[in-house]
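Engineer: So here's start_18.cif (mmCIF, C-alpha atoms and all ligand atoms).
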data_start
#
loop_
_atom_site.label_atom_id
_atom_site.label_comp_id
_atom_site.auth_asym_id
_atom_site.auth_seq_id
_atom_site.Cartn_x
_atom_site.Cartn_y
_atom_site.Cartn_z
CA MET A 1 -31.53 -5.41 20.22
CA THR A 2 -32.13 -1.83 19.24
CA MET A 3 -35.24 -0.86 21.23
CA ASP A 4 -35.82 1.70 18.46
CA GLY A 5 -39.31 2.74 17.38
CA ALA A 6 -39.76 -0.42 15.27
CA ARG A 7 -38.21 -2.57 18.03
CA ARG A 8 -35.74 -3.99 15.50
CA VAL A 9 -33.76 -7.02 16.55
CA ILE A 10 -30.93 -7.45 14.03
CA GLU A 11 -29.38 -10.90 13.81
CA ASN A 12 -25.68 -10.78 12.93
CA GLY A 13 -25.78 -7.07 13.55
CA ALA A 14 -23.05 -4.53 14.14
CA ILE A 15 -22.81 -1.04 15.57
CA ALA A 16 -20.40 1.67 14.49
CA VAL A 17 -19.40 4.17 17.17
CA ARG A 18 -17.53 7.44 16.83
CA ASP A 19 -16.83 10.12 19.46
CA GLY A 20 -19.12 8.48 21.99
CA ARG A 21 -22.11 8.22 19.68
CA VAL A 22 -23.66 5.55 17.50
CA VAL A 23 -23.12 6.42 13.85
CA ALA A 24 -24.67 3.32 12.29
CA VAL A 25 -26.58 0.16 13.23
CA GLY A 26 -27.24 -2.67 10.78
CA PRO A 27 -26.18 -6.06 9.47
CA VAL A 28 -22.48 -6.75 10.05
CA SER A 29 -21.81 -7.03 6.30
CA GLU A 30 -23.14 -3.52 5.72
CA ILE A 31 -21.26 -1.93 8.63
CA ASP A 32 -18.03 -3.73 7.67
CA ARG A 33 -18.28 -2.36 4.16
CA SER A 34 -18.81 1.24 5.24
CA TYR A 35 -16.58 1.63 8.30
CA ALA A 36 -13.00 0.89 9.34
CA ALA A 37 -12.61 0.74 13.11
CA ARG A 38 -9.59 1.45 15.31
CA GLU A 39 -11.03 -0.96 17.85
CA ILE A 40 -13.44 -3.84 17.31
CA VAL A 41 -15.38 -5.43 20.17
CA ASN A 42 -16.44 -8.90 19.13
CA ALA A 43 -19.94 -9.78 20.30
CA THR A 44 -20.31 -13.11 18.54
CA GLY A 45 -22.86 -15.30 20.29
CA LYS A 46 -23.99 -12.44 22.52
CA VAL A 47 -26.81 -9.94 22.46
CA VAL A 48 -26.01 -6.24 22.44
CA ILE A 49 -28.60 -4.26 24.34
CA PRO A 50 -28.96 -0.57 25.19
CA GLY A 51 -27.28 -0.05 28.58
CA LEU A 52 -29.81 -0.42 31.40
CA ILE A 53 -31.14 2.65 33.19
CA ASN A 54 -31.50 2.68 36.96
CA GLY A 55 -34.03 5.47 37.35
CA HIS A 56 -33.81 5.93 41.10
CA THR A 57 -31.18 5.32 43.72
CA HIS A 58 -29.16 6.85 46.52
CA VAL A 59 -25.84 5.38 45.51
CA PRO A 60 -23.70 5.98 48.65
CA MET A 61 -26.32 4.08 50.69
CA THR A 62 -24.64 0.90 49.48
CA LEU A 63 -22.62 1.36 52.68
CA PHE A 64 -25.86 0.88 54.70
CA ARG A 65 -26.76 -2.30 52.80
CA GLY A 66 -28.37 -4.68 55.28
CA LEU A 67 -28.03 -2.29 58.24
CA ALA A 68 -31.75 -2.38 59.08
CA ASP A 69 -34.27 -4.60 57.33
CA ASP A 70 -37.86 -5.70 57.71
CA LEU A 71 -39.31 -2.37 58.91
CA ASP A 72 -41.84 0.08 57.49
CA LEU A 73 -40.67 3.27 55.78
CA GLN A 74 -41.25 5.67 58.68
CA GLU A 75 -39.57 3.47 61.29
CA TRP A 76 -36.76 2.53 58.92
CA LEU A 77 -36.10 6.18 58.03
CA THR A 78 -36.47 7.84 61.41
CA LYS A 79 -34.99 5.19 63.73
CA TYR A 80 -32.17 3.91 61.56
CA ILE A 81 -31.35 5.67 58.34
CA PHE A 82 -31.56 9.34 59.36
CA PRO A 83 -29.53 8.74 62.59
CA ALA A 84 -26.96 6.58 60.77
CA GLU A 85 -26.65 9.27 58.12
CA ALA A 86 -26.31 12.04 60.72
CA LYS A 87 -23.38 10.21 62.33
CA ASN A 88 -21.54 8.89 59.29
CA VAL A 89 -22.12 10.77 56.07
CA THR A 90 -19.03 12.72 55.05
CA GLU A 91 -17.60 13.43 51.64
CA GLU A 92 -15.28 10.44 52.05
CA PHE A 93 -18.23 8.17 52.96
CA VAL A 94 -20.06 9.36 49.86
CA ARG A 95 -17.07 8.73 47.60
CA VAL A 96 -16.51 5.20 48.91
CA GLY A 97 -20.20 4.28 48.72
CA THR A 98 -20.46 5.74 45.22
CA ARG A 99 -17.52 3.71 43.93
CA LEU A 100 -19.06 0.56 45.41
CA GLY A 101 -22.42 1.28 43.80
CA LEU A 102 -20.90 2.20 40.45
CA ALA A 103 -18.91 -1.04 40.32
CA GLU A 104 -22.01 -3.04 41.15
CA MET A 105 -24.13 -1.25 38.56
CA ILE A 106 -21.58 -1.51 35.75
CA ARG A 107 -21.17 -5.23 36.48
CA GLY A 108 -24.91 -5.60 35.96
CA GLY A 109 -25.03 -3.73 32.65
CA THR A 110 -26.37 -0.44 34.00
CA THR A 111 -24.94 2.52 32.11
CA THR A 112 -27.08 5.39 33.45
CA TYR A 113 -28.42 5.99 36.94
CA CYS A 114 -30.44 8.72 38.57
CA ASP A 115 -29.34 9.65 42.07
CA MET A 116 -30.41 11.73 45.04
CA TYR A 117 -28.01 12.23 47.95
CA TYR A 118 -25.65 14.59 49.77
CA PHE A 119 -22.23 15.81 48.54
CA GLU A 120 -23.57 15.17 45.04
CA ASP A 121 -20.59 17.06 43.62
CA ALA A 122 -18.32 14.27 44.94
CA ILE A 123 -20.73 11.70 43.46
CA ALA A 124 -20.52 13.46 40.09
CA ASP A 125 -16.72 13.46 40.34
CA GLU A 126 -16.57 9.70 41.08
CA THR A 127 -19.18 8.96 38.41
CA SER A 128 -17.39 10.83 35.68
CA LYS A 129 -14.03 9.27 36.69
CA ALA A 130 -15.60 5.81 36.40
CA GLY A 131 -16.97 6.72 32.97
CA MET A 132 -20.57 6.20 34.08
CA ARG A 133 -23.57 8.33 33.10
CA GLY A 134 -25.69 9.94 35.82
CA VAL A 135 -28.58 12.29 36.44
CA LEU A 136 -27.37 13.43 39.84
CA GLY A 137 -29.54 15.42 42.23
CA GLU A 138 -28.25 17.28 45.26
CA THR A 139 -30.73 16.83 48.12
CA VAL A 140 -32.76 19.71 49.49
CA ILE A 141 -34.50 18.84 52.78
CA ASP A 142 -35.85 20.95 55.65
CA PHE A 143 -33.47 19.81 58.37
CA PRO A 144 -29.71 20.08 58.77
CA VAL A 145 -27.91 17.33 56.87
CA ALA A 146 -24.32 16.26 56.34
CA ASP A 147 -23.34 18.77 53.69
CA ASN A 148 -25.74 21.67 54.20
CA LYS A 149 -27.21 22.97 57.46
CA THR A 150 -29.86 25.34 56.04
CA ASN A 151 -32.00 25.72 52.94
CA ALA A 152 -29.95 28.77 51.94
CA GLU A 153 -26.76 26.70 52.08
CA ALA A 154 -28.33 23.88 50.09
CA MET A 155 -29.59 26.25 47.39
CA ALA A 156 -26.16 27.90 47.15
CA TYR A 157 -24.56 24.44 46.85
CA VAL A 158 -26.97 23.43 44.09
CA GLU A 159 -26.36 26.66 42.22
CA LYS A 160 -22.61 26.00 42.14
CA PHE A 161 -23.02 22.27 41.49
CA VAL A 162 -25.32 22.74 38.50
CA SER A 163 -23.23 25.43 36.85
CA LYS A 164 -20.07 23.33 37.33
CA TRP A 165 -21.41 20.14 35.67
CA LYS A 166 -23.86 21.53 33.12
CA GLY A 167 -22.86 20.47 29.61
CA ASN A 168 -20.68 17.57 30.81
CA PRO A 169 -21.12 14.62 28.40
CA LEU A 170 -21.77 12.12 31.23
CA ILE A 171 -23.31 14.11 34.07
CA VAL A 172 -26.70 15.82 34.17
CA PRO A 173 -26.69 17.86 37.38
CA ALA A 174 -30.08 18.06 39.10
CA ILE A 175 -31.82 19.43 42.18
CA ALA A 176 -33.47 16.90 44.50
CA PRO A 177 -36.08 18.07 47.01
CA HIS A 178 -36.49 14.93 49.16
CA ALA A 179 -40.32 14.77 49.28
CA PRO A 180 -43.39 17.00 49.70
CA TYR A 181 -43.52 16.00 53.38
CA THR A 182 -39.90 16.97 54.17
CA VAL A 183 -39.66 20.22 52.16
CA SER A 184 -41.92 23.25 52.71
CA GLU A 185 -44.16 24.79 50.06
CA GLU A 186 -41.97 27.89 49.91
CA HIS A 187 -38.83 25.80 49.37
CA LEU A 188 -40.51 23.58 46.76
CA LYS A 189 -41.53 26.69 44.82
CA ALA A 190 -37.93 27.91 44.96
CA VAL A 191 -36.76 24.55 43.59
CA ARG A 192 -39.18 24.86 40.68
CA ALA A 193 -37.99 28.42 39.99
CA PHE A 194 -34.37 27.22 40.06
CA SER A 195 -35.17 24.45 37.60
CA ASP A 196 -36.99 26.89 35.30
CA ARG A 197 -34.00 29.21 35.33
CA THR A 198 -31.27 26.60 34.83
CA GLY A 199 -33.04 23.74 33.03
CA ALA A 200 -31.88 21.32 35.74
CA PRO A 201 -34.14 18.30 36.28
CA ILE A 202 -35.94 17.90 39.62
CA VAL A 203 -35.48 14.50 41.26
CA THR A 204 -37.94 13.73 44.05
CA HIS A 205 -40.08 11.11 45.84
CA ILE A 206 -43.85 11.44 45.41
CA SER A 207 -46.74 9.39 46.79
CA GLU A 208 -44.61 6.57 48.14
CA THR A 209 -46.87 5.34 50.95
CA LYS A 210 -50.55 5.42 51.85
CA ARG A 211 -49.58 7.26 55.02
CA GLU A 212 -48.00 10.06 52.96
CA VAL A 213 -51.28 10.46 51.07
CA ASP A 214 -53.41 10.33 54.25
CA ASP A 215 -51.19 12.87 56.06
CA SER A 216 -51.32 15.16 53.04
CA MET A 217 -55.12 14.94 52.87
CA LYS A 218 -55.31 15.78 56.59
CA ALA A 219 -52.83 18.65 56.45
CA ARG A 220 -53.84 20.27 53.16
CA GLY A 221 -57.05 18.61 52.00
CA ALA A 222 -55.17 17.45 48.91
CA SER A 223 -53.19 14.40 47.81
CA PRO A 224 -49.44 14.88 47.24
CA VAL A 225 -49.90 15.05 43.43
CA ASP A 226 -52.83 17.44 43.76
CA TYR A 227 -50.94 19.67 46.19
CA LEU A 228 -47.73 19.71 44.11
CA ASN A 229 -49.71 20.57 41.02
CA ARG A 230 -51.56 23.35 42.83
CA ILE A 231 -48.31 25.03 43.88
CA GLY A 232 -46.96 24.80 40.32
CA PHE A 233 -44.21 22.34 41.21
CA LEU A 234 -44.91 19.62 38.64
CA GLY A 235 -43.69 19.78 35.05
CA ASN A 236 -41.68 18.10 32.34
CA ARG A 237 -38.37 18.26 34.18
CA VAL A 238 -39.65 16.39 37.23
CA ILE A 239 -38.50 12.81 37.85
CA ALA A 240 -40.80 11.33 40.48
CA ALA A 241 -39.76 8.15 42.22
CA HIS A 242 -42.38 5.68 43.48
CA MET A 243 -45.80 7.18 42.61
CA VAL A 244 -47.42 4.22 44.36
CA TRP A 245 -50.70 5.91 45.28
CA PRO A 246 -51.88 8.25 42.50
CA SER A 247 -55.56 8.25 41.54
CA GLU A 248 -56.57 7.43 37.98
CA GLU A 249 -57.25 11.11 37.22
CA GLU A 250 -53.85 11.99 38.60
CA LEU A 251 -52.20 9.63 36.13
CA GLY A 252 -53.82 11.58 33.31
CA LEU A 253 -52.58 14.82 34.84
CA LEU A 254 -49.04 13.48 35.23
CA LYS A 255 -49.02 12.44 31.59
CA GLN A 256 -50.27 15.82 30.47
CA LEU A 257 -47.60 17.58 32.54
CA GLY A 258 -44.85 15.26 31.26
CA VAL A 259 -43.75 14.11 34.72
CA GLY A 260 -41.28 11.19 34.57
CA ILE A 261 -42.10 8.32 36.92
CA VAL A 262 -39.76 5.70 38.34
CA HIS A 263 -41.18 2.45 39.64
CA ASN A 264 -39.17 0.68 42.34
CA PRO A 265 -40.90 -2.68 42.73
CA GLN A 266 -38.46 -4.37 45.12
CA SER A 267 -38.11 -1.37 47.44
CA ASN A 268 -41.90 -0.91 47.51
CA MET A 269 -42.37 -4.59 48.31
CA LYS A 270 -39.69 -4.68 50.99
CA LEU A 271 -41.03 -1.60 52.80
CA ALA A 272 -44.62 -2.74 52.10
CA SER A 273 -45.32 0.68 50.62
CA GLY A 274 -47.90 -0.68 48.18
CA VAL A 275 -48.18 -1.58 44.50
CA ALA A 276 -47.92 1.25 41.96
CA PRO A 277 -50.57 1.19 39.19
CA VAL A 278 -47.99 0.29 36.54
CA PRO A 279 -50.34 -1.60 34.17
CA GLU A 280 -52.50 1.54 34.03
CA MET A 281 -49.41 3.75 33.53
CA LEU A 282 -48.36 1.57 30.59
CA LYS A 283 -51.87 1.57 29.16
CA GLN A 284 -51.83 5.38 29.19
CA ASP A 285 -48.25 5.35 27.79
CA LEU A 286 -46.74 7.27 30.69
CA PRO A 287 -42.96 7.68 30.82
CA VAL A 288 -42.31 5.14 33.57
CA GLY A 289 -38.91 3.60 34.23
CA LEU A 290 -37.46 1.20 36.77
CA GLY A 291 -35.27 1.88 39.77
CA THR A 292 -33.66 -0.05 42.58
CA ASP A 293 -33.90 2.72 45.19
CA GLY A 294 -31.00 2.81 47.64
CA ALA A 295 -29.27 -0.46 48.53
CA ALA A 296 -30.42 0.00 52.14
CA SER A 297 -33.99 -0.78 51.04
CA ASN A 298 -33.53 -3.35 48.28
CA ASN A 299 -30.65 -4.56 48.99
CA ASP A 300 -28.83 -4.46 45.65
CA LEU A 301 -28.60 -2.27 42.55
CA ASN A 302 -29.58 -4.97 40.06
CA LEU A 303 -31.90 -3.92 37.22
CA TRP A 304 -32.35 -7.51 36.00
CA GLU A 305 -34.10 -8.32 39.25
CA GLU A 306 -36.25 -5.21 38.99
CA MET A 307 -37.41 -6.16 35.48
CA ASP A 308 -38.25 -9.68 36.59
CA THR A 309 -39.98 -8.46 39.76
CA ALA A 310 -41.96 -5.75 37.97
CA ALA A 311 -43.30 -8.24 35.45
CA LYS A 312 -44.32 -10.73 38.14
CA LEU A 313 -45.56 -8.40 40.88
CA HIS A 314 -48.20 -6.80 38.67
CA LYS A 315 -49.41 -10.13 37.32
CA LEU A 316 -49.96 -11.37 40.86
CA PHE A 317 -51.47 -8.15 42.16
CA SER A 318 -53.89 -7.71 39.26
CA LYS A 319 -54.55 -11.47 38.96
CA ASP A 320 -53.78 -11.11 35.26
CA PRO A 321 -50.71 -12.84 33.76
CA LYS A 322 -50.98 -10.66 30.64
CA VAL A 323 -50.06 -7.35 32.29
CA VAL A 324 -46.47 -6.01 32.26
CA SER A 325 -45.10 -8.36 29.60
CA ALA A 326 -41.41 -9.21 29.38
CA GLU A 327 -41.12 -6.73 26.50
CA GLU A 328 -42.76 -3.98 28.55
CA ALA A 329 -40.49 -4.69 31.53
CA PHE A 330 -37.43 -4.52 29.26
CA GLU A 331 -38.71 -1.26 27.78
CA MET A 332 -39.02 0.21 31.27
CA ALA A 333 -35.34 -0.55 31.94
CA THR A 334 -34.29 1.01 28.61
CA ILE A 335 -36.19 3.39 26.33
CA ARG A 336 -39.18 4.07 28.59
CA GLY A 337 -36.75 4.62 31.47
CA ALA A 338 -34.92 7.13 29.28
CA ARG A 339 -38.24 8.95 28.81
CA ALA A 340 -38.74 8.98 32.60
CA LEU A 341 -35.37 10.77 32.94
CA HIS A 342 -36.23 13.11 30.02
CA LEU A 343 -33.18 11.75 28.18
CA ASP A 344 -34.85 9.69 25.44
CA LYS A 345 -33.24 11.77 22.72
CA GLU A 346 -29.82 10.73 24.03
CA ILE A 347 -30.07 7.22 25.49
CA GLY A 348 -32.36 4.18 25.93
CA SER A 349 -32.03 2.64 22.47
CA ILE A 350 -29.33 1.78 19.95
CA GLU A 351 -29.92 4.28 17.16
CA LYS A 352 -27.88 6.52 14.95
CA GLY A 353 -27.06 9.73 16.79
CA LYS A 354 -27.61 8.41 20.29
CA ARG A 355 -24.92 8.02 22.92
CA ALA A 356 -23.08 4.72 22.59
CA ASP A 357 -24.18 3.13 25.89
CA LEU A 358 -24.19 -0.63 25.31
CA ALA A 359 -24.08 -3.89 27.22
CA LEU A 360 -22.95 -7.18 25.69
CA VAL A 361 -24.82 -10.02 27.34
CA ASP A 362 -24.12 -13.75 27.11
CA LEU A 363 -26.89 -15.88 25.69
CA ASP A 364 -25.47 -19.32 26.38
CA ALA A 365 -25.41 -19.60 30.18
CA LEU A 366 -27.22 -22.67 31.57
CA ASN A 367 -29.95 -20.45 32.97
CA GLN A 368 -30.56 -19.05 29.44
CA THR A 369 -30.60 -22.36 27.57
CA PRO A 370 -32.41 -23.20 25.33
CA PHE A 371 -33.36 -19.92 23.75
CA TYR A 372 -36.77 -19.16 22.18
CA ASN A 373 -37.66 -15.52 22.74
CA ILE A 374 -35.25 -12.68 23.39
CA TYR A 375 -37.47 -10.64 25.74
CA SER A 376 -38.41 -13.71 27.75
CA ASP A 377 -34.80 -14.83 27.95
CA LEU A 378 -33.56 -11.42 29.09
CA VAL A 379 -36.30 -10.58 31.59
CA TYR A 380 -37.10 -13.94 33.15
CA ALA A 381 -33.87 -15.93 32.82
CA THR A 382 -30.84 -13.65 32.44
CA LYS A 383 -28.92 -12.58 35.57
CA GLY A 384 -26.58 -9.65 36.16
CA ALA A 385 -23.64 -12.06 36.02
CA ASP A 386 -24.46 -12.80 32.37
CA VAL A 387 -23.37 -9.27 31.37
CA ARG A 388 -19.88 -9.55 29.87
CA THR A 389 -18.85 -6.19 28.49
CA VAL A 390 -20.14 -2.67 29.10
CA ILE A 391 -19.56 0.41 26.97
CA ILE A 392 -20.56 3.92 28.04
CA GLU A 393 -20.21 6.95 25.77
CA GLY A 394 -18.22 4.72 23.42
CA ARG A 395 -15.70 3.74 26.11
CA VAL A 396 -15.28 0.15 27.32
CA VAL A 397 -15.66 0.27 31.12
CA MET A 398 -15.95 -3.50 31.65
CA ARG A 399 -14.34 -6.02 29.32
CA ASP A 400 -15.09 -9.71 29.74
CA ARG A 401 -16.28 -9.14 33.33
CA ARG A 402 -13.19 -7.14 34.28
CA LEU A 403 -13.83 -3.58 35.42
CA LEU A 404 -11.46 -1.16 33.74
CA THR A 405 -12.21 2.08 35.59
CA LEU A 406 -12.75 0.86 39.17
CA ASN A 407 -10.70 -1.32 41.52
CA GLU A 408 -12.92 -3.93 43.14
CA GLU A 409 -10.53 -5.02 45.88
CA THR A 410 -9.89 -1.48 47.07
CA ILE A 411 -13.61 -0.72 46.94
CA LYS A 412 -14.47 -3.72 49.11
CA ALA A 413 -11.73 -2.98 51.64
CA ASP A 414 -12.89 0.66 51.92
CA ALA A 415 -16.51 -0.43 52.39
CA ARG A 416 -15.58 -2.85 55.19
CA ARG A 417 -13.69 -0.09 56.97
CA PHE A 418 -16.83 2.07 56.91
CA ARG A 419 -18.94 -0.82 58.14
CA GLU A 420 -16.97 -0.91 61.41
CA GLN A 421 -17.31 2.83 61.83
CA ILE A 422 -21.06 2.69 61.20
CA ILE A 423 -21.61 -0.09 63.74
CA ARG A 424 -19.64 1.83 66.38
CA SER A 425 -21.53 5.04 65.62
CA LEU A 426 -24.85 3.35 66.33
CA GLY A 427 -23.70 2.38 69.82
CA ALA A 428 -22.91 -1.30 69.41
CA LYS A 429 -20.43 -2.31 72.12
CA THR A 430 -18.50 -4.75 69.97
CA VAL A 431 -17.99 -4.93 66.26
CA PRO A 432 -19.15 -8.35 65.03
CA GLU A 433 -16.67 -10.35 63.02
CA ASP A 434 -17.20 -10.74 59.26
ZN ZN B 1 -35.52 6.85 47.20
#
As structure tokens - that is how I would like this structure written.
Structural biologist:
Amino acid sequence: MTMDGARRVIENGAIAVRDGRVVAVGPVSEIDRSYAAREIVNATGKVVIPGLINGHTHVPMTLFRGLADDLDLQEWLTKYIFPAEAKNVTEEFVRVGTRLGLAEMIRGGTTTYCDMYYFEDAIADETSKAGMRGVLGETVIDFPVADNKTNAEAMAYVEKFVSKWKGNPLIVPAIAPHAPYTVSEEHLKAVRAFSDRTGAPIVTHISETKREVDDSMKARGASPVDYLNRIGFLGNRVIAAHMVWPSEEELGLLKQLGVGIVHNPQSNMKLASGVAPVPEMLKQDLPVGLGTDGAASNNDLNLWEEMDTAAKLHKLFSKDPKVVSAEEAFEMATIRGARALHLDKEIGSIEKGKRADLALVDLDALNQTPFYNIYSDLVYATKGADVRTVIIEGRVVMRDRRLLTLNEETIKADARRFREQIIRSLGAKTVPED
């Protein structure tokens, strides 16, 4: 399944890979004739898809999975997440949570993710060691956080972080101002200037809740999009998560500016943030991808669920079963998601010249049988557990469901150790048994 411009699906197809890139895609007879391979990965009876793209997450937050549920965004953030982060987030926490998230994502066929967190340099280190691809944004926020106590410290960190990882084949270092309501105008302008100077993408949250829009109107007489545009913040390196509440005119503006958008249907549903106008975004051909958001608000990092949920949520909300088709949902997790991350020249489809990021997916599980239509089968019936083998930058990182770059048992033991620490830090008198 190429997801190329013609949306070619090649039966009995093969892919030739050299030095991390796809050098040819076509019928197996043709590829066999033209190439001799040192290693052959047999995909008989399976579908080879472009690796899935998780356009928005906070990967170490896997360690807060299930810590506080069934709350609205403000209460969830201010009463639980920010305090838990203040007491627990260290570089070691970030490394353990990242390894957990990476293992979960690779198991589900995700080959690229876009992140925003603290100690992002440690996240980049773990990500590159695991052989995973990431657009990784170091957080800039106007209060003291785990790794940086002031804006000056954060900007110095980002400067070093970006110059260290720039040009790495797997890591795109980025700057991540948390949101227009947690970062001042002056600091947002400095972020934009930094991005202009270094070419680093800007990862941020925009227009997530109605309250954010109402507060912005009250404070500045402008919506978040309007305000960010007015201060010159928006542009074609911005990756905006959520975008639940833009007006129709704002969608046109976002398209014109080339802002990437990441839709997080399950997180938006769980926090009751609202329903993003995704059918309209697709109609206007905006670069909109899919994300899981952090595991604390989802509670997993599974793109298959996001595809399925995106397709169904918008049908229900718009009372129209024709919107967000299975093919469109699959596009959002692959090539359109690559556009949202401004990486569509490199990833998102299986084409000559692109990075060899591939997932081999079973097609004969009970839940996939019988088979009529590939998009329908993948979006509505396939589960993360149906992914068998994952290749990133030409390297096999999971073979036949066995992770080759990460140790699952160690990861789980480390995560359980942090769970006890987190419970104690929040003042619980006893640590509940598993
Ligand atoms: Zn987020």
Engineer: Applying 8 Å and only C-alpha atoms, which residues near range 12-16 of chain A remain after dropping the ones on its own chain fewer than 3 positions away? List them as number ranges by chain.
Structural biologist: A: 22-28, 31, 35, 37
Engineer: As a quick test: using all atoms listed in the file, which residues lie no more than 9 Å away from ligand ZN 1 (chain B)? Give them as a list in words.
Structural biologist: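 Based on all atoms listed in the file, ligand ZN 1 (chain B) is surrounded within 9 Å by His56, Thr57, His58, Asp115, Met116, His178, Thr204, His205, Ala241, His242, Asn264, Ser267, Gly291, Thr292, Asp293, Gly294 and Ser297 of chain A.
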Engineer: Taking into account all atoms listed in the file, which residue in the set A:Phe233, A:Tyr117, A:Phe93, A:Tyr380 is nearest to Ile411 in chain A?
Structural biologist: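 Checking each candidate against Ile411 in chain A, we get A:Phe93 as the closest.
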Engineer: Would you work out the distance separating CA of Met3 in chain A from CA of Ile335 in chain A, expressed in Å to one decimal?
Structural biologist: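 Computing it gives 6.7 Å between the two atoms.
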Engineer: List as a ChimeraX atom specification the protein and nucleic acid residues near range 392-406 of chain A, meaning an atom at most 8 Å away when all atoms listed in the file are counted, but skip any in the same chain fewer than 6 places from it.
Structural biologist: /A:17-21,51,99,103,106-107,111,129-133,170,355-358
Engineer: In Å, how far is it from CA of Leu378 in chain A to CA of Asp362 in chain A?
Structural biologist: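 For CA of Leu378 in chain A relative to CA of Asp362 in chain A, the distance reads 9.9 Å.
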Engineer: Got a sec: who's within 12 Å of Pro83 in chain A, counting all atoms listed in the file, leaving out chain neighbours fewer than 5 positions off, as a VMD selection string?
Structural biologist: chain A and resid 64 67 to 68 75 to 78 88 to 89 144 to 146 422 to 423 425 to 427
Engineer: Please compute the CA of Gly137 in chain A-CA of Asp125 in chain A distance, one decimal, in Å.
Structural biologist: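 Between CA of Gly137 in chain A and CA of Asp125 in chain A the gap works out to 13.1 Å.
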Engineer: Do a neighbour search on Ser247 in chain A at 12 Å with all atoms listed in the file, toss out local chain neighbours closer than 6 positions, and write the hits as JSON, numbers by chain.
Structural biologist: {"A": [207, 210, 213, 222, 223, 224, 225, 226, 253, 254, 276, 277, 280, 281]}
Engineer: Find the residues near Ile141 in chain A: any atom within 7 Å, counting only C-alpha atoms, skip ones fewer than 4 places away on the same chain, and give them as an NGL selection string.
Structural biologist: :A and (177-178 or 182-183)
Engineer: Which is closer to Arg336 in chain A than all the others in A:Ile81, A:Gly167, A:Leu52, A:Val203, using all atoms listed in the file?
Structural biologist: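 That would be A:Leu52, the residue with the smallest distance to Arg336 in chain A.
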Engineer: Between A:Phe161, A:Tyr227, A:Phe82, A:Tyr375, single out the one closest to Thr198 in chain A, counting all atoms listed in the file.
Structural biologist: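 Looking at the shortest contact to Thr198 in chain A, the residue is A:Phe161.
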Engineer: Point out the residue among A:Ser128, A:Thr389, A:Ser349, A:Thr369 with the least atom-to-atom distance to Arg8 in chain A, counting only C-alpha atoms.
Structural biologist: A:Ser349
Engineer: Counting all atoms listed in the file, which residue out of A:Asp4, A:Glu11, A:Ile49, A:Leu63 sits closest to Arg416 in chain A?
Structural biologist: A:Leu63
Engineer: Between A:Ser273, A:Val379, A:Lys345, A:Ala338, which residue has the minimum interatomic distance to Cys114 in chain A, considering only C-alpha atoms?
Structural biologist: A:Ala338
